[in-house]
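Student: This is final_38.csv, which holds CSV, C-alpha atoms and all ligand atoms:
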```
chain,number,residue,atom,x,y,z
A,1,MET,CA,34.7,42.6,-37.3
A,2,THR,CA,31.3,41.1,-37.1
A,3,THR,CA,30.5,37.7,-35.7
A,4,GLN,CA,27.0,37.7,-37.4
A,5,ASN,CA,28.0,35.4,-40.2
A,6,ILE,CA,29.6,32.7,-38.0
A,7,LEU,CA,26.4,32.3,-35.9
A,8,SER,CA,24.4,29.2,-36.9
A,9,ARG,CA,21.6,29.7,-39.3
A,10,HIS,CA,19.1,28.8,-36.6
A,11,THR,CA,20.5,31.3,-34.2
A,12,ARG,CA,20.3,34.0,-36.9
A,13,LEU,CA,16.7,33.1,-37.7
A,14,ALA,CA,15.8,32.9,-34.0
A,15,LEU,CA,17.3,36.3,-33.3
A,16,THR,CA,15.0,38.0,-35.9
A,17,ALA,CA,11.9,35.9,-35.1
A,18,GLU,CA,9.1,37.6,-33.2
A,19,THR,CA,8.2,35.9,-30.0
A,20,GLU,CA,4.5,35.2,-29.6
A,21,ASP,CA,4.6,34.8,-25.9
A,22,TYR,CA,3.1,37.0,-23.3
A,23,VAL,CA,6.3,37.2,-21.4
A,24,SER,CA,9.8,38.0,-22.8
A,25,LYS,CA,13.1,37.6,-21.1
A,26,ASP,CA,14.0,40.9,-22.6
A,27,THR,CA,11.5,42.7,-20.4
A,28,ASP,CA,13.0,44.0,-17.2
A,29,GLU,CA,10.1,43.2,-14.9
A,30,HIS,CA,11.5,45.0,-11.9
A,31,LYS,CA,11.9,48.2,-14.0
A,32,LEU,CA,8.4,47.9,-15.4
A,33,ILE,CA,7.0,47.6,-11.9
A,34,GLU,CA,9.0,50.5,-10.6
A,35,GLN,CA,7.8,52.6,-13.6
A,36,LEU,CA,4.2,51.7,-13.0
A,37,LYS,CA,4.5,52.6,-9.3
A,38,ARG,CA,6.1,56.0,-10.2
A,39,ASP,CA,3.7,56.9,-13.0
A,40,ASN,CA,0.6,56.0,-11.1
A,41,GLY,CA,1.5,56.8,-7.5
A,42,LEU,CA,1.1,53.1,-6.5
A,43,GLU,CA,2.5,51.6,-3.3
A,44,LYS,CA,2.4,48.1,-4.7
A,45,VAL,CA,1.9,46.3,-8.0
A,46,TYR,CA,0.2,42.9,-7.6
A,47,ARG,CA,1.5,40.1,-9.9
A,48,PHE,CA,-1.6,38.5,-11.5
A,49,ASP,CA,0.6,37.7,-14.5
A,50,ILE,CA,2.6,34.8,-13.1
A,51,GLY,CA,1.1,31.3,-12.7
A,52,LYS,CA,2.3,30.9,-9.2
A,53,ASN,CA,0.7,29.4,-6.1
A,54,SER,CA,0.0,32.2,-3.6
A,55,ASP,CA,-0.5,29.8,-0.7
A,56,GLY,CA,3.3,29.4,-0.6
A,57,TYR,CA,5.4,26.3,0.0
A,58,SER,CA,5.3,23.4,2.4
A,59,ASP,CA,5.6,24.0,6.1
A,60,LEU,CA,8.3,21.4,6.1
A,61,ILE,CA,10.4,23.8,4.0
A,62,THR,CA,9.6,26.7,6.4
A,63,GLY,CA,10.7,24.4,9.3
A,64,ILE,CA,14.0,23.6,7.6
A,65,LEU,CA,14.7,27.2,6.8
A,66,GLU,CA,14.2,28.1,10.5
A,67,LYS,CA,16.4,25.3,11.8
A,68,ALA,CA,19.6,26.5,13.5
A,69,ASP,CA,21.7,23.7,11.9
A,70,LEU,CA,20.8,24.8,8.3
A,71,ALA,CA,23.9,27.0,8.3
A,72,GLU,CA,26.0,24.0,9.2
A,73,LEU,CA,24.4,21.9,6.4
A,74,CYS,CA,25.1,24.7,3.9
A,75,ARG,CA,28.7,24.9,5.1
A,76,GLN,CA,29.1,21.2,4.5
A,77,ASN,CA,27.6,21.2,1.0
A,78,LEU,CA,28.1,24.5,-0.7
A,79,ALA,CA,31.8,23.9,-1.5
A,80,ASP,CA,31.1,20.6,-3.2
A,81,TYR,CA,29.6,19.9,-6.6
A,82,PRO,CA,26.0,18.5,-6.2
A,83,ASP,CA,25.1,14.9,-6.8
A,84,ASN,CA,24.8,14.7,-10.6
A,85,HIS,CA,22.4,11.7,-10.5
A,86,TYR,CA,19.9,13.0,-8.1
A,87,ARG,CA,19.4,9.6,-6.6
A,88,LEU,CA,17.2,10.5,-3.6
A,89,LEU,CA,14.9,12.8,-5.4
A,90,ARG,CA,14.5,10.4,-8.3
A,91,ARG,CA,13.6,7.6,-5.9
A,92,ARG,CA,11.1,9.7,-4.2
A,93,LEU,CA,9.4,10.8,-7.5
A,94,ALA,CA,9.5,7.3,-8.7
A,95,ASP,CA,7.5,6.2,-5.6
A,96,LEU,CA,5.0,9.0,-6.1
A,97,HIS,CA,4.3,7.9,-9.7
A,98,GLY,CA,4.8,4.2,-9.2
A,99,LEU,CA,7.6,4.1,-11.8
A,100,ASP,CA,11.3,3.0,-12.1
A,101,PRO,CA,13.7,5.7,-10.8
A,102,GLU,CA,15.8,5.1,-14.0
A,103,TRP,CA,12.9,6.6,-16.0
A,104,PHE,CA,13.4,10.1,-14.6
A,105,VAL,CA,15.5,12.9,-16.0
A,106,LEU,CA,15.7,16.2,-14.0
A,107,SER,CA,16.3,19.6,-15.4
A,108,ALA,CA,16.7,23.2,-14.3
A,109,GLY,CA,13.0,23.9,-14.6
A,110,LEU,CA,10.8,22.5,-17.4
A,111,GLU,CA,11.8,25.4,-19.6
A,112,SER,CA,15.2,23.7,-19.9
A,113,MET,CA,13.6,20.3,-20.4
A,114,ILE,CA,11.6,21.7,-23.3
A,115,ASP,CA,14.9,23.0,-24.8
A,116,HIS,CA,16.6,19.5,-24.3
A,117,ILE,CA,13.7,17.7,-26.0
A,118,SER,CA,13.6,20.1,-28.9
A,119,ARG,CA,17.3,19.7,-29.5
A,120,ALA,CA,17.1,15.9,-29.1
A,121,PHE,CA,14.4,15.5,-31.7
A,122,LEU,CA,14.3,18.3,-34.2
A,123,GLN,CA,16.5,19.8,-36.9
A,124,ASN,CA,16.1,21.5,-40.3
A,125,GLY,CA,12.5,21.3,-41.5
A,126,ASP,CA,11.4,18.5,-39.1
A,127,ALA,CA,7.7,18.8,-38.5
A,128,PHE,CA,6.2,19.1,-35.0
A,129,LEU,CA,2.5,19.2,-34.2
A,130,ILE,CA,1.0,21.6,-31.7
A,131,PRO,CA,-2.6,22.6,-30.9
A,132,VAL,CA,-2.9,26.3,-30.2
A,133,PRO,CA,-3.3,28.1,-27.9
A,134,ASN,CA,-0.6,26.3,-25.9
A,135,PHE,CA,2.5,27.0,-23.8
A,136,SER,CA,4.3,29.1,-26.4
A,137,VAL,CA,7.8,27.9,-25.2
A,138,PHE,CA,7.1,24.6,-27.0
A,139,ALA,CA,7.0,26.3,-30.4
A,140,ASP,CA,9.7,28.9,-29.7
A,141,PHE,CA,12.3,26.2,-28.7
A,142,SER,CA,11.3,23.8,-31.5
A,143,ILE,CA,11.5,26.5,-34.1
A,144,ARG,CA,14.9,27.7,-32.7
A,145,VAL,CA,16.4,24.3,-33.6
A,146,GLY,CA,14.9,24.4,-37.1
A,147,GLY,CA,11.6,22.6,-36.5
A,148,ARG,CA,8.7,23.3,-38.8
A,149,PRO,CA,5.4,23.8,-36.9
A,150,ILE,CA,2.0,22.3,-37.9
A,151,TYR,CA,-0.5,24.3,-35.8
A,152,LEU,CA,-4.0,23.1,-35.0
A,153,PRO,CA,-6.0,26.2,-34.0
A,154,LEU,CA,-8.7,25.5,-31.5
A,155,GLU,CA,-12.1,26.9,-32.2
A,156,PRO,CA,-13.1,30.4,-30.8
A,157,GLU,CA,-16.7,29.2,-30.9
A,158,ALA,CA,-15.8,26.4,-28.5
A,159,ASN,CA,-14.0,28.8,-26.2
A,160,PHE,CA,-10.6,27.3,-27.3
A,161,GLN,CA,-11.5,24.1,-25.5
A,162,TRP,CA,-10.4,20.7,-26.8
A,163,THR,CA,-13.3,18.5,-28.0
A,164,ALA,CA,-13.6,15.0,-29.4
A,165,GLY,CA,-13.2,16.7,-32.8
A,166,THR,CA,-9.7,18.0,-31.8
A,167,ILE,CA,-8.6,14.4,-31.1
A,168,SER,CA,-9.8,13.1,-34.5
A,169,THR,CA,-8.2,16.1,-36.3
A,170,LEU,CA,-4.9,15.6,-34.5
A,171,LYS,CA,-5.0,11.9,-35.4
A,172,SER,CA,-5.5,12.8,-39.1
A,173,LEU,CA,-2.7,15.3,-39.0
A,174,ILE,CA,-0.4,12.7,-37.3
A,175,SER,CA,-1.0,10.1,-40.1
A,176,ALA,CA,-1.0,12.7,-42.9
A,177,HIS,CA,2.1,14.6,-42.0
A,178,GLY,CA,4.1,12.2,-39.8
A,179,PRO,CA,5.5,14.9,-37.6
A,180,LYS,CA,8.3,13.9,-35.2
A,181,LEU,CA,6.8,15.4,-32.1
A,182,LEU,CA,3.4,16.3,-30.6
A,183,TRP,CA,3.4,18.9,-27.9
A,184,ILE,CA,0.5,19.0,-25.3
A,185,SER,CA,0.1,20.8,-22.0
A,186,ASN,CA,-2.4,19.2,-19.6
A,187,PRO,CA,-4.0,21.0,-18.0
A,188,VAL,CA,-3.7,23.3,-21.0
A,189,ASN,CA,-1.8,26.6,-20.4
A,190,PRO,CA,-3.3,29.2,-20.9
A,191,THR,CA,-7.0,28.0,-21.0
A,192,GLY,CA,-6.7,25.8,-17.8
A,193,GLN,CA,-8.7,23.0,-19.4
A,194,SER,CA,-8.0,19.5,-18.0
A,195,LEU,CA,-7.9,16.9,-20.8
A,196,PRO,CA,-9.2,13.4,-20.0
A,197,PHE,CA,-6.7,10.6,-19.6
A,198,LYS,CA,-8.3,8.6,-22.4
A,199,TRP,CA,-7.5,11.3,-24.9
A,200,MET,CA,-3.8,11.2,-23.8
A,201,GLU,CA,-3.8,7.5,-24.4
A,202,GLU,CA,-5.5,7.7,-27.8
A,203,LEU,CA,-3.0,10.3,-29.0
A,204,THR,CA,0.0,8.5,-27.6
A,205,ALA,CA,-1.2,5.3,-29.3
A,206,ALA,CA,-1.7,7.1,-32.6
A,207,CYS,CA,1.8,8.6,-32.4
A,208,ALA,CA,3.3,5.2,-31.5
A,209,LEU,CA,1.8,3.8,-34.6
A,210,GLN,CA,3.5,6.4,-36.7
A,211,GLY,CA,6.8,6.1,-34.8
A,212,MET,CA,6.6,9.6,-33.4
A,213,ALA,CA,7.0,11.0,-29.9
A,214,VAL,CA,4.5,12.8,-27.6
A,215,VAL,CA,5.2,15.3,-24.8
A,216,VAL,CA,2.5,15.8,-22.1
A,217,ASP,CA,3.6,18.8,-20.0
A,218,GLU,CA,1.8,18.5,-16.7
A,219,ALA,CA,3.3,21.7,-15.1
A,220,TYR,CA,-0.1,22.3,-13.6
A,221,GLY,CA,-0.9,18.6,-13.2
A,222,GLU,CA,-1.1,18.6,-9.4
A,223,TYR,CA,-4.1,20.9,-9.6
A,224,THR,CA,-6.1,18.1,-11.2
A,225,ASP,CA,-4.7,15.2,-9.2
A,226,THR,CA,-7.1,13.9,-6.5
A,227,ASP,CA,-6.2,13.3,-2.8
A,228,ARG,CA,-6.3,9.6,-3.5
A,229,GLU,CA,-4.2,9.4,-6.7
A,230,VAL,CA,-1.8,11.2,-9.0
A,231,VAL,CA,-3.9,11.5,-12.2
A,232,SER,CA,-1.0,11.6,-14.6
A,233,ALA,CA,-0.2,10.4,-18.1
A,234,SER,CA,2.9,9.0,-16.3
A,235,ARG,CA,0.9,5.8,-16.0
A,236,LEU,CA,1.0,5.4,-19.7
A,237,THR,CA,4.8,5.4,-19.8
A,238,GLN,CA,4.6,1.7,-18.7
A,239,LYS,CA,2.9,0.9,-22.0
A,240,TYR,CA,4.3,3.4,-24.4
A,241,GLU,CA,8.0,4.2,-24.9
A,242,ASN,CA,7.3,7.2,-27.2
A,243,LEU,CA,5.8,9.2,-24.3
A,244,MET,CA,7.4,11.9,-22.2
A,245,VAL,CA,5.5,13.3,-19.2
A,246,LEU,CA,6.8,16.5,-17.5
A,247,ARG,CA,6.1,17.9,-14.0
A,248,THR,CA,7.7,20.8,-12.0
A,249,PHE,CA,8.2,22.1,-8.5
A,250,SER,CA,7.4,25.6,-9.8
A,251,LYS,CA,3.6,25.5,-9.7
A,252,ILE,CA,1.6,23.9,-6.9
A,253,HIS,CA,4.7,23.3,-4.8
A,254,ALA,CA,5.3,27.1,-5.0
A,255,LEU,CA,9.1,26.7,-5.4
A,256,PRO,CA,9.8,28.3,-8.8
A,257,ASN,CA,13.1,29.7,-7.6
A,258,LEU,CA,14.5,26.1,-7.1
A,259,ARG,CA,14.3,25.6,-10.9
A,260,VAL,CA,13.6,21.8,-10.6
A,261,GLY,CA,11.5,20.0,-13.2
A,262,TYR,CA,11.4,16.4,-14.3
A,263,LEU,CA,10.7,14.1,-17.2
A,264,MET,CA,9.3,10.6,-17.1
A,265,SER,CA,9.7,8.1,-19.9
A,266,SER,CA,10.3,4.4,-20.3
A,267,GLY,CA,12.0,5.0,-23.7
A,268,ARG,CA,15.6,4.1,-23.3
A,269,ASP,CA,16.6,6.2,-26.4
A,270,ILE,CA,14.6,9.1,-25.2
A,271,LEU,CA,16.1,9.0,-21.7
A,272,LYS,CA,19.6,8.9,-23.2
A,273,ALA,CA,19.0,11.6,-25.8
A,274,VAL,CA,17.4,14.1,-23.4
A,275,SER,CA,20.1,13.5,-20.8
A,276,LEU,CA,22.7,14.2,-23.4
A,277,TYR,CA,21.6,17.8,-23.6
A,278,ARG,CA,21.3,18.4,-19.9
A,279,PRO,CA,24.3,20.0,-18.2
A,280,MET,CA,26.1,17.9,-15.7
A,281,PHE,CA,25.1,20.1,-12.7
A,282,PRO,CA,21.9,22.0,-13.6
A,283,PHE,CA,21.0,22.9,-10.1
A,284,SER,CA,22.5,23.5,-6.7
A,285,TRP,CA,22.6,21.1,-3.7
A,286,PHE,CA,20.1,23.5,-2.0
A,287,SER,CA,17.5,23.1,-4.8
A,288,LEU,CA,17.8,19.4,-4.8
A,289,PHE,CA,17.6,19.3,-1.0
A,290,LEU,CA,14.5,21.5,-0.8
A,291,ALA,CA,12.7,19.7,-3.7
A,292,GLY,CA,13.3,16.4,-1.9
A,293,ILE,CA,11.6,17.8,1.2
A,294,ALA,CA,8.7,19.3,-0.8
A,295,SER,CA,8.2,16.0,-2.6
A,296,ILE,CA,7.3,14.2,0.6
A,297,ASP,CA,4.7,16.7,1.7
A,298,GLU,CA,1.6,15.4,-0.1
A,299,GLU,CA,-0.7,17.0,2.5
A,300,HIS,CA,0.6,20.4,1.4
A,301,VAL,CA,-0.3,19.7,-2.2
A,302,GLN,CA,-3.8,18.5,-1.1
A,303,GLU,CA,-4.4,21.5,1.0
A,304,ALA,CA,-3.1,23.9,-1.7
A,305,ARG,CA,-5.6,22.3,-4.1
A,306,ARG,CA,-8.5,22.6,-1.7
A,307,LYS,CA,-7.7,26.2,-0.8
A,308,LEU,CA,-7.3,27.2,-4.4
A,309,LEU,CA,-10.7,25.8,-5.3
A,310,VAL,CA,-12.4,27.9,-2.6
A,311,ARG,CA,-10.7,31.1,-3.8
A,312,HIS,CA,-11.2,30.3,-7.5
A,313,GLU,CA,-14.9,29.8,-7.0
A,314,ARG,CA,-15.2,33.0,-5.0
A,315,LEU,CA,-13.3,35.0,-7.6
A,316,CYS,CA,-15.4,33.6,-10.4
A,317,ARG,CA,-18.7,34.5,-8.6
A,318,GLN,CA,-17.4,38.1,-8.2
A,319,LEU,CA,-16.3,38.3,-11.8
A,320,GLU,CA,-19.7,37.1,-12.9
A,321,LYS,CA,-21.4,40.1,-11.3
A,322,LEU,CA,-19.5,42.4,-13.6
A,323,LYS,CA,-21.4,43.3,-16.8
A,324,THR,CA,-18.6,43.9,-19.2
A,325,PHE,CA,-16.1,41.2,-18.1
A,326,SER,CA,-16.2,37.5,-19.0
A,327,TYR,CA,-13.9,34.6,-18.2
A,328,LEU,CA,-13.3,31.0,-19.4
A,329,PRO,CA,-13.8,28.2,-17.0
A,330,SER,CA,-10.5,26.7,-15.8
A,331,GLN,CA,-9.3,23.8,-13.7
A,332,THR,CA,-6.0,25.5,-12.6
A,333,ASN,CA,-4.9,28.6,-10.7
A,334,THR,CA,-5.2,30.8,-13.8
A,335,LEU,CA,-8.1,32.2,-15.7
A,336,MET,CA,-8.6,33.8,-19.1
A,337,LEU,CA,-10.5,37.1,-18.9
A,338,ARG,CA,-11.7,39.8,-21.3
A,339,ASN,CA,-13.8,42.9,-21.4
A,340,SER,CA,-16.4,43.4,-24.1
A,341,HIS,CA,-15.7,47.1,-24.5
A,342,LEU,CA,-11.9,47.1,-24.4
A,343,GLU,CA,-9.1,45.7,-26.5
A,344,ALA,CA,-6.6,43.5,-24.5
A,345,THR,CA,-3.9,46.3,-24.5
A,346,GLU,CA,-6.4,48.8,-23.2
A,347,LEU,CA,-7.6,46.5,-20.5
A,348,TRP,CA,-4.0,45.5,-19.6
A,349,GLN,CA,-3.1,49.2,-19.3
A,350,GLY,CA,-6.1,50.1,-17.3
A,351,LEU,CA,-5.4,47.3,-14.8
A,352,ALA,CA,-1.7,48.0,-14.7
A,353,GLN,CA,-2.4,51.7,-13.9
A,354,LYS,CA,-4.5,50.4,-10.9
A,355,GLY,CA,-1.6,48.2,-9.8
A,356,PHE,CA,-2.4,44.9,-11.3
A,357,LEU,CA,0.0,43.2,-13.7
A,358,THR,CA,-1.7,40.7,-16.0
A,359,ALA,CA,-0.6,38.6,-19.0
A,360,ASN,CA,-1.7,40.0,-22.3
A,361,LEU,CA,-2.5,37.0,-24.6
A,362,ASN,CA,-3.3,39.0,-27.7
A,363,ARG,CA,-0.1,38.0,-29.5
A,364,VAL,CA,-0.3,34.3,-28.4
A,365,ASN,CA,-0.7,31.9,-31.4
A,366,GLY,CA,-4.3,30.7,-31.5
A,367,LEU,CA,-5.5,33.7,-29.5
A,368,LYS,CA,-4.5,36.6,-31.7
A,369,ASP,CA,-6.7,39.6,-31.3
A,370,GLN,CA,-9.2,37.8,-29.1
A,371,ASN,CA,-8.5,40.4,-26.4
A,372,PHE,CA,-7.9,37.9,-23.6
A,373,LEU,CA,-5.7,38.5,-20.5
A,374,ARG,CA,-4.6,35.7,-18.3
A,375,ILE,CA,-4.8,36.2,-14.6
A,376,THR,CA,-3.7,34.1,-11.6
A,377,VAL,CA,-6.0,33.3,-8.7
A,378,CYS,CA,-4.0,35.0,-5.9
A,379,SER,CA,-4.8,35.4,-2.2
A,380,GLU,CA,-8.4,36.2,-1.2
A,381,GLU,CA,-7.4,39.8,-0.3
A,382,GLU,CA,-5.5,40.3,-3.6
A,383,ASN,CA,-8.4,38.8,-5.6
A,384,ASP,CA,-10.8,41.2,-3.9
A,385,ARG,CA,-8.6,44.1,-4.8
A,386,PHE,CA,-8.4,42.9,-8.3
A,387,VAL,CA,-12.2,42.7,-8.6
A,388,ARG,CA,-12.4,46.3,-7.2
A,389,GLY,CA,-10.0,47.3,-10.0
A,390,CYS,CA,-12.2,45.7,-12.6
A,391,GLN,CA,-15.3,47.4,-11.1
A,392,LYS,CA,-13.5,50.8,-11.4
A,393,ILE,CA,-12.7,50.1,-15.0
A,394,GLU,CA,-16.4,49.3,-15.5
A,395,GLN,CA,-17.5,52.5,-13.8
A,396,GLU,CA,-15.0,54.5,-16.0
A,397,LEU,CA,-16.5,52.8,-19.1
A,398,MET,CA,-20.0,53.7,-18.1
A,399,ALA,CA,-19.0,57.3,-17.4
A,400,SER,CA,-17.3,57.8,-20.7
B,501,LIG,C1,2.9,24.4,-19.3
B,501,LIG,C2,4.2,24.9,-18.7
B,501,LIG,N1,5.3,24.2,-18.8
B,501,LIG,C3,6.4,24.5,-18.3
B,501,LIG,C4,6.5,25.7,-17.6
B,501,LIG,C5,7.9,26.1,-17.1
B,501,LIG,O1,8.0,25.7,-15.8
B,501,LIG,P1,9.4,25.8,-15.0
B,501,LIG,O2,9.2,26.8,-14.0
B,501,LIG,O3,9.6,24.4,-14.4
B,501,LIG,O4,10.5,26.1,-16.0
B,501,LIG,C6,5.4,26.5,-17.4
B,501,LIG,C7,5.5,27.8,-16.7
B,501,LIG,O5,4.7,28.6,-16.7
B,501,LIG,C8,4.2,26.1,-18.0
B,501,LIG,O6,3.1,26.8,-17.9
```
Would you mind writing the structure in this file as structure tokens?
Tutor:
Amino acid sequence: MTTQNILSRHTRLALTAETEDYVSKDTDEHKLIEQLKRDNGLEKVYRFDIGKNSDGYSDLITGILEKADLAELCRQNLADYPDNHYRLLRRRLADLHGLDPEWFVLSAGLESMIDHISRAFLQNGDAFLIPVPNFSVFADFSIRVGGRPIYLPLEPEANFQWTAGTISTLKSLISAHGPKLLWISNPVNPTGQSLPFKWMEELTAACALQGMAVVVDEAYGEYTDTDREVVSASRLTQKYENLMVLRTFSKIHALPNLRVGYLMSSGRDILKAVSLYRPMFPFSWFSLFLAGIASIDEEHVQEARRKLLVRHERLCRQLEKLKTFSYLPSQTNTLMLRNSHLEATELWQGLAQKGFLTANLNRVNGLKDQNFLRITVCSEEENDRFVRGCQKIEQELMAS
């Protein structure tokens, strides 16, 4: 007996679709790392492929984890279902963004939220608009539910940066095709470009006029906030009901294992629809508890931002000294990098053999065959090692 023909049409299509991402959940990362170690006699493989914050999480979390009464707290809570309305955390996030706590929906990481949004808005043949390169999960999940992509490729000549021209082209596409959804990441993953607030407003207004919705995914948003203010499109939710702004505890808060992300919107229909698709209990009490603690430590976020800037600058200066490598400027903790003599796969392989795992962007929509890798700015010591790895690659190139 085969169950193939009782699967939904979308599932069958999605099962045969090729993913364009640089990561795949089918890859057993642990096995890959062990294999690299064995084949190349490496003691350690450094993860430059994951957009994580190598400064770690808040000291408040460390303090809690070291507290003797944590065990008692766990004993009290683990046998119960968690709070399914996340009151405390929503109130705290509402304070941070100056919004109504009712305007928040939480999810098991933003990946789940992107899934809920796709399911809430799209079905057979519904158009969605997406400038590329972008976070490829947007397109993957939208296509999985039957959405039809309208891609706007960014110009290689402009180093894949958004320009004023991008905004006017997007506005033309919005009025010409009336897609249901516009997906944006800001700062953009994978380029790390920070898009000005006024562009977010212009696009949200253009979409509102056409009765369509906008998602501004600010997974890396805290990297471009300032110490004085949260610089977020969340402010626009007060004026526009068609806007959804997303943030996560996975990036600057350095807590990806908690799997806590959130959506902000003032659209009652949007809040209801997205909540419909979230499970009743997407995360454990422990995740909620620690996210609540991380959310009050604004100093940690400020310090992480400052520390990153110093290491980012230092890494860039070192990369600039290499003759065959070039990188794109970025406002986050990731950088796009390439080598003028090597294809992306060759460079990926060369670095992997030296113990550095990077993200190969060569299959990513909008960056196909551009030979870029994406690396994360790690600790100073790790970055120095990475640069030495690049120097070795350069020496090998000169010798060959
Ligand atoms: C733009 C963007 N959105 C969402 C996510 C997913 O974040 P989470 O860990 O909250 O699922 C990522 C992770 O890399 C990302 O880069």
Student: What does the distance between atom CA of A:Asn159 and atom CA of A:Lys180 come to in Å, to one decimal place?
Tutor: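 Going from atom CA of A:Asn159 over to atom CA of A:Lys180 covers 28.3 Å.
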Student: Select, from A:Ser112, A:Thr16, A:Ser185, A:Ser330, the residue with the minimum atom-to-atom distance to A:Pro131, counting only C-alpha atoms.
Tutor: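 Comparing A:Ser112, A:Thr16, A:Ser185, A:Ser330 against A:Pro131, the winner is A:Ser185.
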Student: Considering only C-alpha atoms, return as a compact mmCIF listing (two decimals) with C-alpha atoms, in the frame of the given file whatever protein or nucleic-acid residues lie within 6 Å of stretch 286-301 of chain A, sequence-local ones (same chain, fewer than 4 positions apart) excluded.
Tutor:
```txt
# COMPACT_ATOMS: atom_id res chain seq x y z
CA SER A 58 5.30 23.40 2.40
CA LEU A 89 14.90 12.80 -5.40
CA LEU A 258 14.50 26.10 -7.10
```
Student: Per residue of chain A within 10 Å of ligand LIG 501 (chain B), which atom pair is closest and at what distance in Å (one decimal), using only C-alpha atoms and all ligand atoms, listed by chain and increasing number, as CSV?
Tutor:
```
residue,atom,partner,partner_atom,distance
A:Val23,CA,B:LIG501,O5,9.9
A:Ile50,CA,B:LIG501,O5,7.5
A:Gly51,CA,B:LIG501,O5,6.0
A:Lys52,CA,B:LIG501,O5,8.2
A:Ser107,CA,B:LIG501,O3,8.3
A:Ala108,CA,B:LIG501,O4,7.1
A:Gly109,CA,B:LIG501,O3,3.4
A:Leu110,CA,B:LIG501,O3,3.7
A:Glu111,CA,B:LIG501,O4,3.9
A:Ser112,CA,B:LIG501,O4,6.6
A:Met113,CA,B:LIG501,O4,7.9
A:Ile114,CA,B:LIG501,C3,7.7
A:Asn134,CA,B:LIG501,C1,7.7
A:Phe135,CA,B:LIG501,C1,5.2
A:Ser136,CA,B:LIG501,C1,8.6
A:Val137,CA,B:LIG501,N1,7.8
A:Phe138,CA,B:LIG501,N1,8.4
A:Ile184,CA,B:LIG501,C1,8.4
A:Ser185,CA,B:LIG501,C1,5.3
A:Asn186,CA,B:LIG501,C1,7.4
A:Pro187,CA,B:LIG501,C1,7.8
A:Val188,CA,B:LIG501,C1,6.9
A:Asn189,CA,B:LIG501,C1,5.3
A:Pro190,CA,B:LIG501,O6,7.5
A:Gly192,CA,B:LIG501,C1,9.8
A:Val216,CA,B:LIG501,C1,9.1
A:Asp217,CA,B:LIG501,C1,5.7
A:Glu218,CA,B:LIG501,C1,6.5
A:Ala219,CA,B:LIG501,N1,4.9
A:Tyr220,CA,B:LIG501,C1,6.8
A:Gly221,CA,B:LIG501,C1,9.2
A:Leu246,CA,B:LIG501,N1,8.0
A:Arg247,CA,B:LIG501,O3,7.4
A:Thr248,CA,B:LIG501,O3,4.7
A:Phe249,CA,B:LIG501,O3,6.5
A:Ser250,CA,B:LIG501,O2,4.7
A:Lys251,CA,B:LIG501,O2,7.2
A:Ala254,CA,B:LIG501,O2,9.8
A:Leu255,CA,B:LIG501,O2,8.6
A:Pro256,CA,B:LIG501,O2,5.4
A:Asn257,CA,B:LIG501,O2,8.0
A:Leu258,CA,B:LIG501,O2,8.7
A:Arg259,CA,B:LIG501,O3,6.0
A:Val260,CA,B:LIG501,O3,6.1
A:Gly261,CA,B:LIG501,O3,4.9
A:Tyr262,CA,B:LIG501,O3,8.2
```
Student: Just how far from atom CA of A:Thr324 is atom CA of A:Leu351, in Å to one decimal?
Tutor: 14.3 Å
Student: Pick from A:Asp83, A:Asp95, A:Glu343, A:Glu29: nearest to A:Pro282, with only C-alpha atoms counted?
Tutor: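 Once distances to A:Pro282 are computed over only C-alpha atoms, the minimum belongs to A:Asp83.
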Student: What separation in Å, quoted to one decimal, exists between atom CA of A:Leu209 and atom CA of A:Leu243?
Tutor: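 Result for atom CA of A:Leu209 versus atom CA of A:Leu243: 12.3 Å, one decimal.
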Student: Name the residues in contact with A:Glu313 at a cut-off of 12 Å, using only C-alpha atoms, excluding same-chain residues fewer than 5 positions from it; report them as a list in words.
Tutor: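 Surrounding residues, per the criterion: Arg306, Lys307, Leu308, Gln318, Leu319, Glu320, Pro329, Ser330, Gln331, Thr332, Asn333, Thr334, Leu335, Val377, Glu380 and Asn383 of chain A.
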Student: With only C-alpha atoms as the counted atoms, please give the residues lying no more than 12 Å from stretch 120-124 of chain A, apart from itself and same-chain residues fewer than 3 positions off, as an MDAnalysis selection string.
Tutor: chainID A and resid 8:10 13 113:117 127:129 138:139 141:149 179:182 212:215 242 269:278
Student: A:Met264: which residues within 6 Å, counting all atoms listed in the file, same-chain residues fewer than 5 positions away excluded, as a list in words?
Tutor: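 Counting all atoms listed in the file, the residues come to Trp103, Phe104, Met244 and Val245 of chain A.
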Student: List as a CSV table (one decimal) with C-alpha atoms, keeping the file's coordinate frame the protein and nucleic acid residues near A:Ala158, meaning an atom at most 12 Å away when all atoms listed in the file are counted, but skip any in the same chain fewer than 6 places from it.
Tutor:
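Contents of part.csv, freshly written:
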```csv
chain,number,residue,atom,x,y,z
A,164,ALA,CA,-13.6,15.0,-29.4
A,165,GLY,CA,-13.2,16.7,-32.8
A,166,THR,CA,-9.7,18.0,-31.8
A,191,THR,CA,-7.0,28.0,-21.0
A,328,LEU,CA,-13.3,31.0,-19.4
A,329,PRO,CA,-13.8,28.2,-17.0
```
